[in-house]
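**Student:** Input structure: upload.cif, which contains mmCIF, C-alpha atoms; chains and numbers go by the auth columns.
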```cif
data_query
#
loop_
_atom_site.group_PDB
_atom_site.id
_atom_site.type_symbol
_atom_site.label_atom_id
_atom_site.label_comp_id
_atom_site.label_asym_id
_atom_site.label_seq_id
_atom_site.Cartn_x
_atom_site.Cartn_y
_atom_site.Cartn_z
_atom_site.B_iso_or_equiv
_atom_site.auth_seq_id
_atom_site.auth_asym_id
ATOM 1 C CA MET A 1 -36.772 -83.522 0.533 0.00 325 A
ATOM 2 C CA ARG A 2 -38.360 -83.166 -2.848 0.00 326 A
ATOM 3 C CA VAL A 3 -36.155 -84.293 -5.716 0.00 327 A
ATOM 4 C CA TYR A 4 -36.802 -83.992 -9.428 0.00 328 A
ATOM 5 C CA ILE A 5 -35.755 -86.950 -11.528 0.00 329 A
ATOM 6 C CA PRO A 6 -35.369 -86.275 -15.259 0.00 330 A
ATOM 7 C CA THR A 7 -36.516 -88.917 -17.694 0.00 331 A
ATOM 8 C CA THR A 8 -38.372 -89.355 -20.975 0.00 332 A
ATOM 9 C CA LEU A 9 -41.771 -90.828 -21.793 0.00 333 A
ATOM 10 C CA SER A 10 -39.964 -94.045 -22.748 0.00 334 A
ATOM 11 C CA GLY A 11 -38.154 -93.996 -19.397 0.00 335 A
ATOM 12 C CA LEU A 12 -41.421 -93.337 -17.596 0.00 336 A
ATOM 13 C CA ALA A 13 -42.969 -96.348 -19.356 0.00 337 A
ATOM 14 C CA GLU A 14 -40.043 -98.515 -18.214 0.00 338 A
ATOM 15 C CA ALA A 15 -40.386 -97.211 -14.663 0.00 339 A
ATOM 16 C CA HIS A 16 -44.118 -97.887 -14.706 0.00 340 A
ATOM 17 C CA GLU A 17 -43.533 -101.462 -15.835 0.00 341 A
ATOM 18 C CA ALA A 18 -40.714 -102.046 -13.319 0.00 342 A
ATOM 19 C CA GLY A 19 -42.448 -100.185 -10.494 0.00 343 A
ATOM 20 C CA GLU A 20 -39.366 -98.059 -9.881 0.00 344 A
ATOM 21 C CA LEU A 21 -37.158 -95.367 -11.326 0.00 345 A
ATOM 22 C CA GLY A 22 -33.729 -96.836 -11.750 0.00 346 A
ATOM 23 C CA PRO A 23 -31.481 -98.677 -11.568 0.00 347 A
ATOM 24 C CA GLY A 24 -29.349 -96.561 -9.302 0.00 348 A
ATOM 25 C CA PRO A 25 -27.415 -94.452 -9.162 0.00 349 A
ATOM 26 C CA LEU A 26 -29.828 -91.829 -10.492 0.00 350 A
ATOM 27 C CA ASP A 27 -29.092 -88.221 -11.275 0.00 351 A
ATOM 28 C CA ALA A 28 -31.696 -85.832 -9.940 0.00 352 A
ATOM 29 C CA TYR A 29 -32.110 -82.194 -8.921 0.00 353 A
ATOM 30 C CA ALA A 30 -33.096 -80.639 -5.613 0.00 354 A
ATOM 31 C CA VAL A 31 -32.712 -77.508 -3.551 0.00 355 A
ATOM 32 C CA THR A 32 -29.041 -77.845 -2.600 0.00 356 A
ATOM 33 C CA PRO A 33 -26.873 -75.342 -0.707 0.00 357 A
ATOM 34 C CA GLY A 34 -25.196 -74.404 -3.993 0.00 358 A
ATOM 35 C CA LEU A 35 -28.547 -73.760 -5.667 0.00 359 A
ATOM 36 C CA ARG A 36 -29.680 -71.637 -2.714 0.00 360 A
ATOM 37 C CA GLU A 37 -26.494 -69.565 -2.836 0.00 361 A
ATOM 38 C CA TRP A 38 -26.667 -69.103 -6.611 0.00 362 A
ATOM 39 C CA TYR A 39 -30.372 -68.227 -6.752 0.00 363 A
ATOM 40 C CA ARG A 40 -30.316 -66.148 -3.542 0.00 364 A
ATOM 41 C CA SER A 41 -33.859 -66.749 -2.428 0.00 365 A
ATOM 42 C CA ASP A 42 -35.438 -68.073 0.737 0.00 366 A
ATOM 43 C CA ASP A 43 -38.703 -68.903 -1.036 0.00 367 A
ATOM 44 C CA ILE A 44 -38.769 -72.705 -1.171 0.00 368 A
ATOM 45 C CA GLU A 45 -41.362 -72.741 -3.964 0.00 369 A
ATOM 46 C CA GLU A 46 -39.114 -70.591 -6.162 0.00 370 A
ATOM 47 C CA LEU A 47 -36.116 -72.759 -5.367 0.00 371 A
ATOM 48 C CA GLU A 48 -38.008 -75.972 -6.106 0.00 372 A
ATOM 49 C CA TYR A 49 -39.153 -74.481 -9.417 0.00 373 A
ATOM 50 C CA VAL A 50 -35.507 -73.798 -10.310 0.00 374 A
ATOM 51 C CA ALA A 51 -34.628 -77.422 -9.451 0.00 375 A
ATOM 52 C CA LEU A 52 -37.537 -78.572 -11.650 0.00 376 A
ATOM 53 C CA VAL A 53 -36.236 -76.464 -14.548 0.00 377 A
ATOM 54 C CA ARG A 54 -32.755 -77.943 -14.081 0.00 378 A
ATOM 55 C CA ALA A 55 -34.285 -81.432 -14.252 0.00 379 A
ATOM 56 C CA ALA A 56 -36.192 -80.461 -17.417 0.00 380 A
ATOM 57 C CA GLN A 57 -32.875 -79.406 -18.976 0.00 381 A
ATOM 58 C CA ALA A 58 -31.444 -82.810 -18.080 0.00 382 A
ATOM 59 C CA SER A 59 -34.507 -84.503 -19.598 0.00 383 A
ATOM 60 C CA LEU A 60 -33.814 -82.593 -22.823 0.00 384 A
ATOM 61 C CA ARG A 61 -30.303 -84.055 -22.834 0.00 385 A
ATOM 62 C CA GLN A 62 -31.777 -87.533 -22.390 0.00 386 A
ATOM 63 C CA LEU A 63 -33.985 -86.883 -25.411 0.00 387 A
ATOM 64 C CA ALA A 64 -30.914 -85.826 -27.383 0.00 388 A
ATOM 65 C CA ALA A 65 -29.358 -89.211 -26.553 0.00 389 A
ATOM 66 C CA ASP A 66 -32.496 -91.246 -27.415 0.00 390 A
ATOM 67 C CA ALA A 67 -33.802 -90.466 -30.897 0.00 391 A
ATOM 68 C CA LYS A 68 -36.680 -92.949 -30.473 0.00 392 A
ATOM 69 C CA ALA A 69 -38.186 -91.355 -27.361 0.00 393 A
ATOM 70 C CA PRO A 70 -41.257 -89.160 -27.889 0.00 394 A
ATOM 71 C CA ARG A 71 -40.097 -85.549 -27.926 0.00 395 A
ATOM 72 C CA ARG A 72 -41.520 -84.378 -24.604 0.00 396 A
ATOM 73 C CA ARG A 73 -39.499 -83.650 -21.474 0.00 397 A
ATOM 74 C CA VAL A 74 -40.517 -85.583 -18.359 0.00 398 A
ATOM 75 C CA VAL A 75 -39.635 -84.937 -14.725 0.00 399 A
ATOM 76 C CA VAL A 76 -40.821 -87.094 -11.834 0.00 400 A
ATOM 77 C CA ALA A 77 -41.109 -85.308 -8.484 0.00 401 A
ATOM 78 C CA VAL A 78 -40.397 -87.580 -5.525 0.00 402 A
ATOM 79 C CA ASP A 79 -40.280 -86.976 -1.782 0.00 403 A
ATOM 80 C CA ILE A 80 -37.431 -88.857 -0.118 0.00 404 A
ATOM 81 C CA PRO A 81 -35.446 -88.629 3.125 0.00 405 A
ATOM 82 C CA ASP A 82 -32.736 -85.956 2.906 0.00 406 A
ATOM 83 C CA ALA A 83 -29.980 -88.526 3.414 0.00 407 A
ATOM 84 C CA GLN A 84 -30.892 -90.303 0.161 0.00 408 A
ATOM 85 C CA ALA A 85 -29.970 -87.286 -1.995 0.00 409 A
ATOM 86 C CA VAL A 86 -26.253 -86.614 -2.032 0.00 410 A
ATOM 87 C CA ALA A 87 -24.906 -83.370 -3.465 0.00 411 A
ATOM 88 C CA ASP A 88 -21.234 -83.228 -4.401 0.00 412 A
ATOM 89 C CA PRO A 89 -19.796 -80.290 -2.424 0.00 413 A
ATOM 90 C CA GLU A 90 -16.757 -80.218 -4.734 0.00 414 A
ATOM 91 C CA ARG A 91 -18.948 -78.936 -7.546 0.00 415 A
ATOM 92 C CA GLY A 92 -19.596 -75.682 -5.698 0.00 416 A
ATOM 93 C CA LEU A 93 -21.278 -73.097 -7.904 0.00 417 A
ATOM 94 C CA ASP A 94 -20.456 -74.745 -11.234 0.00 418 A
ATOM 95 C CA PRO A 95 -23.455 -73.559 -13.300 0.00 419 A
ATOM 96 C CA SER A 96 -23.782 -76.895 -15.072 0.00 420 A
ATOM 97 C CA THR A 97 -24.278 -78.801 -11.813 0.00 421 A
ATOM 98 C CA LEU A 98 -26.376 -76.442 -9.683 0.00 422 A
ATOM 99 C CA GLY A 99 -28.980 -78.463 -7.807 0.00 423 A
ATOM 100 C CA ALA A 100 -27.563 -81.796 -8.971 0.00 424 A
ATOM 101 C CA VAL A 101 -27.846 -84.691 -6.528 0.00 425 A
ATOM 102 C CA ARG A 102 -27.175 -88.394 -6.796 0.00 426 A
ATOM 103 C CA LEU A 103 -29.582 -91.091 -5.600 0.00 427 A
ATOM 104 C CA ALA A 104 -27.739 -94.345 -4.917 0.00 428 A
ATOM 105 C CA GLU A 105 -30.735 -96.657 -5.083 0.00 429 A
ATOM 106 C CA PRO A 106 -33.713 -97.053 -7.407 0.00 430 A
ATOM 107 C CA ILE A 107 -36.762 -95.078 -6.279 0.00 431 A
ATOM 108 C CA PRO A 108 -40.143 -96.856 -6.082 0.00 432 A
ATOM 109 C CA LEU A 109 -42.545 -95.148 -8.471 0.00 433 A
ATOM 110 C CA ALA A 110 -45.111 -95.317 -5.650 0.00 434 A
ATOM 111 C CA LYS A 111 -43.087 -92.563 -3.907 0.00 435 A
ATOM 112 C CA ALA A 112 -43.721 -90.148 -6.777 0.00 436 A
ATOM 113 C CA ALA A 113 -45.638 -87.040 -5.781 0.00 437 A
ATOM 114 C CA ALA A 114 -46.290 -85.864 -9.342 0.00 438 A
ATOM 115 C CA VAL A 115 -45.116 -86.067 -12.919 0.00 439 A
ATOM 116 C CA HIS A 116 -44.325 -83.004 -15.031 0.00 440 A
ATOM 117 C CA VAL A 117 -44.535 -83.386 -18.825 0.00 441 A
ATOM 118 C CA ASP A 118 -44.497 -81.114 -21.853 0.00 442 A
ATOM 119 C CA ALA A 119 -47.827 -80.533 -23.589 0.00 443 A
ATOM 120 C CA ASP A 120 -48.353 -82.143 -26.992 0.00 444 A
ATOM 121 C CA ASP A 121 -48.001 -78.772 -28.723 0.00 445 A
ATOM 122 C CA ALA A 122 -44.421 -78.438 -27.422 0.00 446 A
ATOM 123 C CA GLU A 123 -43.141 -81.466 -29.335 0.00 447 A
ATOM 124 C CA ALA A 124 -41.802 -79.590 -32.371 0.00 448 A
ATOM 125 C CA ASP A 125 -39.852 -77.108 -30.260 0.00 449 A
ATOM 126 C CA ILE A 126 -38.594 -79.804 -27.885 0.00 450 A
ATOM 127 C CA SER A 127 -37.517 -81.962 -30.825 0.00 451 A
ATOM 128 C CA ALA A 128 -35.594 -79.047 -32.345 0.00 452 A
ATOM 129 C CA ALA A 129 -34.012 -78.271 -28.971 0.00 453 A
ATOM 130 C CA ALA A 130 -32.957 -81.906 -28.455 0.00 454 A
ATOM 131 C CA ASP A 131 -31.342 -81.895 -31.907 0.00 455 A
ATOM 132 C CA ALA A 132 -29.519 -78.654 -31.067 0.00 456 A
ATOM 133 C CA VAL A 133 -28.059 -79.668 -27.680 0.00 457 A
ATOM 134 C CA VAL A 134 -24.691 -80.876 -28.990 0.00 458 A
ATOM 135 C CA PRO A 135 -24.089 -77.937 -31.349 0.00 459 A
ATOM 136 C CA ALA A 136 -25.121 -75.565 -28.535 0.00 460 A
ATOM 137 C CA ASP A 137 -22.570 -77.196 -26.228 0.00 461 A
ATOM 138 C CA LEU A 138 -19.943 -76.644 -28.909 0.00 462 A
ATOM 139 C CA GLY A 139 -20.660 -72.913 -28.984 0.00 463 A
ATOM 140 C CA ASP A 140 -23.212 -72.534 -31.786 0.00 464 A
ATOM 141 C CA ASP A 141 -25.249 -69.457 -30.789 0.00 465 A
ATOM 142 C CA ASP A 142 -28.204 -70.331 -33.039 0.00 466 A
ATOM 143 C CA ALA A 143 -28.360 -73.801 -31.511 0.00 467 A
ATOM 144 C CA ARG A 144 -28.176 -72.279 -27.995 0.00 468 A
ATOM 145 C CA PHE A 145 -31.133 -70.039 -28.897 0.00 469 A
ATOM 146 C CA THR A 146 -33.093 -73.139 -29.983 0.00 470 A
ATOM 147 C CA VAL A 147 -32.201 -75.025 -26.792 0.00 471 A
ATOM 148 C CA ASP A 148 -33.132 -72.055 -24.628 0.00 472 A
ATOM 149 C CA GLY A 149 -36.451 -71.861 -26.490 0.00 473 A
ATOM 150 C CA ALA A 150 -37.496 -75.158 -24.907 0.00 474 A
ATOM 151 C CA GLU A 151 -37.877 -73.270 -21.627 0.00 475 A
ATOM 152 C CA ASP A 152 -40.668 -71.213 -23.194 0.00 476 A
ATOM 153 C CA HIS A 153 -42.814 -74.308 -22.617 0.00 477 A
ATOM 154 C CA GLU A 154 -43.961 -74.889 -19.061 0.00 478 A
ATOM 155 C CA LEU A 155 -44.178 -78.506 -17.977 0.00 479 A
ATOM 156 C CA LEU A 156 -47.699 -79.604 -17.117 0.00 480 A
ATOM 157 C CA TRP A 157 -48.462 -81.200 -13.752 0.00 481 A
ATOM 158 C CA TYR A 158 -49.979 -84.692 -13.627 0.00 482 A
ATOM 159 C CA ALA A 159 -51.065 -86.749 -10.645 0.00 483 A
ATOM 160 C CA THR A 160 -49.403 -90.131 -10.361 0.00 484 A
ATOM 161 C CA GLN A 161 -52.748 -91.785 -11.144 0.00 485 A
ATOM 162 C CA GLU A 162 -52.509 -90.235 -14.614 0.00 486 A
ATOM 163 C CA ILE A 163 -49.177 -91.861 -15.545 0.00 487 A
ATOM 164 C CA THR A 164 -50.766 -94.613 -17.650 0.00 488 A
ATOM 165 C CA ALA A 165 -52.535 -91.973 -19.778 0.00 489 A
ATOM 166 C CA LEU A 166 -49.158 -90.358 -20.520 0.00 490 A
ATOM 167 C CA LEU A 167 -47.383 -93.481 -21.680 0.00 491 A
ATOM 168 C CA PRO A 168 -46.558 -93.960 -25.378 0.00 492 A
#
```
Starting from the file, give its structure as structure tokens.
**Tutor:**
Amino acid sequence: MRVYIPTTLSGLAEAHEAGELGPGPLDAYAVTPGLREWYRSDDIEELEYVALVRAAQASLRQLAADAKAPRRRVVVAVDIPDAQAVADPERGLDPSTLGAVRLAEPIPLAKAAAVHVDADDAEADISAAADAVVPADLGDDDARFTVDGAEDHELLWYATQEITALLP
């Protein structure tokens, strides 16, 4: 199963130094039954893209919580055995948790298939979106528009050999 682990460039640097993403438990995103039912598609590539977008949204929230992290969303794609990713069936179709899974243990960075990161030119918009997350959650429509604008930026794909070039 491919899972998408949200992080930041600072978190990626820590993972690179430690050799693993963690400590566990880790929140991640994957193609879960709830995501399949909500998105109503059998195309695995489309479904995985939706899980990636969900992870990018979680990365934005991590940026909102870490003012020192460079303002670029980061998602690490990892292939793991299905049993390692646990979805909470009680969450059902709650829009805020679609595709969410929990990984109990740290994940060796060597298992990463790819890293997805915002381009440099997205930093201003991502910074504004990170600053607007809390007001958006509280119902501010202008802030929600700013947060949603982050999705106008596609994450770029990087091979795992390129991680060191991405680090701050």
**Student:** Counting all atoms listed in the file, which of A:Leu462, A:Ala453, A:Ala483, A:Ala428 gets nearest to A:Pro347?
**Tutor:**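 Among the listed residues, A:Ala428 lies closest to A:Pro347.
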**Student:** Quick one: residues within 12 Å of A:Asp445, all atoms listed in the file counted, chain neighbours fewer than 3 positions away excluded, as a list of chain:residue names?
**Tutor:**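 Here the qualifying residues turn out to be A:Arg395, A:Arg396, A:Val441, A:Asp442, A:Ala448, A:Asp449, A:Ile450, A:Ser451, A:Ala474, A:Asp476, A:His477, A:Glu478, A:Leu479, A:Leu480.
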**Student:** Kindly compute an axis-aligned box around the listed atoms of stretch 448-462 of chain A, allowing 4 Å on each side, and express its centre and edge lengths in Å to one decimal as lines of an AutoDock Vina configuration file.
**Tutor:**
```
center_x = -30.9
center_y = -78.8
center_z = -29.3
size_x = 29.9
size_y = 14.4
size_z = 14.1
```
**Student:** Residues at most 8 Å from stretch 360-373 of chain A, counting only C-alpha atoms, excluding those fewer than 5 positions away in the same chain, as JSON, numbers by chain?
**Tutor:** {"A": [326, 354, 355, 417, 422]}
**Student:** Output C-alpha atoms for every residue in the selection just made, as a PDB file, in the coordinates of the input.
**Tutor:**
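In the end it all went to selection_39.pdb:
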```pdb
ATOM      1  CA  ARG A 326     -38.360 -83.166  -2.848  1.00  0.00           C
ATOM      2  CA  ALA A 354     -33.096 -80.639  -5.613  1.00  0.00           C
ATOM      3  CA  VAL A 355     -32.712 -77.508  -3.551  1.00  0.00           C
ATOM      4  CA  LEU A 417     -21.278 -73.097  -7.904  1.00  0.00           C
ATOM      5  CA  LEU A 422     -26.376 -76.442  -9.683  1.00  0.00           C
TER       6      LEU A 422
END
```
**Student:** Residues within 8 Å of (-37.3, -84.3, -18.7), file coordinates, counting all atoms listed in the file: what are they? Give the list as an MDAnalysis selection string.
**Tutor:** chainID A and resid 329:332 379:384 386:387 396:399 441
**Student:** Go ahead and compute the interatomic distance for atom CA of A:Leu350 and atom CA of A:Asp464, in Å to one decimal.
**Tutor:**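 We find that atom CA of A:Leu350 and atom CA of A:Asp464 lie 29.5 Å from each other.
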